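*Asks:* Structure provided below as structure tokens; questions to follow.
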Amino acid sequence: MAFSADELRVLRRALAVALHPAPLADADVHDCLRLAGSVDEAVREANRLRAFLLADLARYRTALPGSAPGYLELLQDALAAGYDPTPDDLAALRGLRALPVAAALLERCRRLAEHSVRARLAAVTPGPRTRLLALPGGRAAAQDPKQPRPQPKSEPAPARPQPKAPRPIPTPGEVFPPRRKPLPPPAACAAG
């Protein structure tokens with residue numbers, strides 16, 4: 001992102017006020033708001049450009065191997081802009097491995113993908129555990145060796161419940177009661 005000389009002057013003034021608070025004139029406030037709007041617009045434009053670049057990269061990737069030169073050039077631009085390669089990119093580069101540029105990009109993308117995965121895993125895994133200070137036996141107890149450590153209160157172990165006698169296995173006659181024999185059909189009454 002590049003700033004004009006006027007924008008740099010406003011930015012320098014805003015930073016000076018942030019470091020040494022002082023009241024600002026109305027013109028200075030308007031300049032700061034205008035600069036913030038310009039920065040926001042630049043960020044939105046950068047996001048639109050990034051979305052376009054990624055969509056273009058996906059189009060070229062689906063048209064491989066015919067679009068290999070354009071795809072490799074777009075991928076290099078995307079990587080320079082901070083793009084993390086996807087598994088689709090790695091698979092496409094494996095298919096283009098015969099090209100020297102693709103082979104070099106494949107190695108670069110593998111390193112970037114591995115670094116990205118390691119960073120995500122490091123963010124997910126918890127840090128080292130620390131001892132609790134408020135509980136007996138914590139760091140406070142370890143710092144003063146003259147004081148005896150409080151012994152944990154020993155409670156009598158709860159009595160184990162006696163296991164119940166196993167239930168008898170039901171017989172097939174209990175599970176499947178015998179069928180009743182069907183009744184003979186009622187005799188038709190003769191109408192008289």
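So you can find residues: chains in the structure tokens are A, B, ... in the order shown, residues in each start at 1, and ligands are numbered from 1 in order.
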I want to know what sits within 7 Å of Cys109 of chain A, based on only C-alpha atoms, with residues of the same chain fewer than 4 positions away left out; could you give that as a PDB file with N, CA, C and O atoms, in the first residue's frame?
*Replies:*
```pdb
ATOM      1  N   PRO A  85      -0.824 -22.675  -0.603  1.00  0.00           N
ATOM      2  CA  PRO A  85      -1.263 -23.641  -1.612  1.00  0.00           C
ATOM      3  C   PRO A  85      -2.204 -24.684  -1.019  1.00  0.00           C
ATOM      4  O   PRO A  85      -2.047 -25.106   0.121  1.00  0.00           O
ATOM      5  N   LEU A  90      -1.179 -28.704  -5.086  1.00  0.00           N
ATOM      6  CA  LEU A  90      -0.100 -29.696  -5.002  1.00  0.00           C
ATOM      7  C   LEU A  90      -0.340 -30.833  -5.987  1.00  0.00           C
ATOM      8  O   LEU A  90       0.603 -31.299  -6.647  1.00  0.00           O
ATOM      9  N   LEU A 105       8.232 -25.074  -8.299  1.00  0.00           N
ATOM     10  CA  LEU A 105       7.051 -24.593  -7.579  1.00  0.00           C
ATOM     11  C   LEU A 105       6.491 -25.659  -6.649  1.00  0.00           C
ATOM     12  O   LEU A 105       5.991 -25.347  -5.565  1.00  0.00           O
ATOM     13  N   ALA A 113       3.093 -25.430   2.431  1.00  0.00           N
ATOM     14  CA  ALA A 113       1.965 -26.193   2.975  1.00  0.00           C
ATOM     15  C   ALA A 113       2.354 -26.837   4.309  1.00  0.00           C
ATOM     16  O   ALA A 113       1.576 -26.830   5.269  1.00  0.00           O
TER      17      ALA A 113
END
```
*Asks:* Give me, as JSON, numbers by chain, all polymer residues having an atom no more than 10 Å from Asp88 of chain A, counting only C-alpha atoms and skipping those fewer than 6 positions away in the same chain.
*Replies:* {"A": [58, 61, 62, 94]}
*Asks:* Restricting the calculation to only C-alpha atoms, which member of A:Pro186, A:Leu53, A:Ala92, A:Val101 is positioned closest to Asp77 of chain A?
*Replies:*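 The closest residue to Asp77 of chain A is A:Leu53.
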*Asks:* Go ahead and compute the interatomic distance for atom CA of Leu106 of chain A and atom CA of Leu93 of chain A, in Å to one decimal.
*Replies:* 5.6 Å
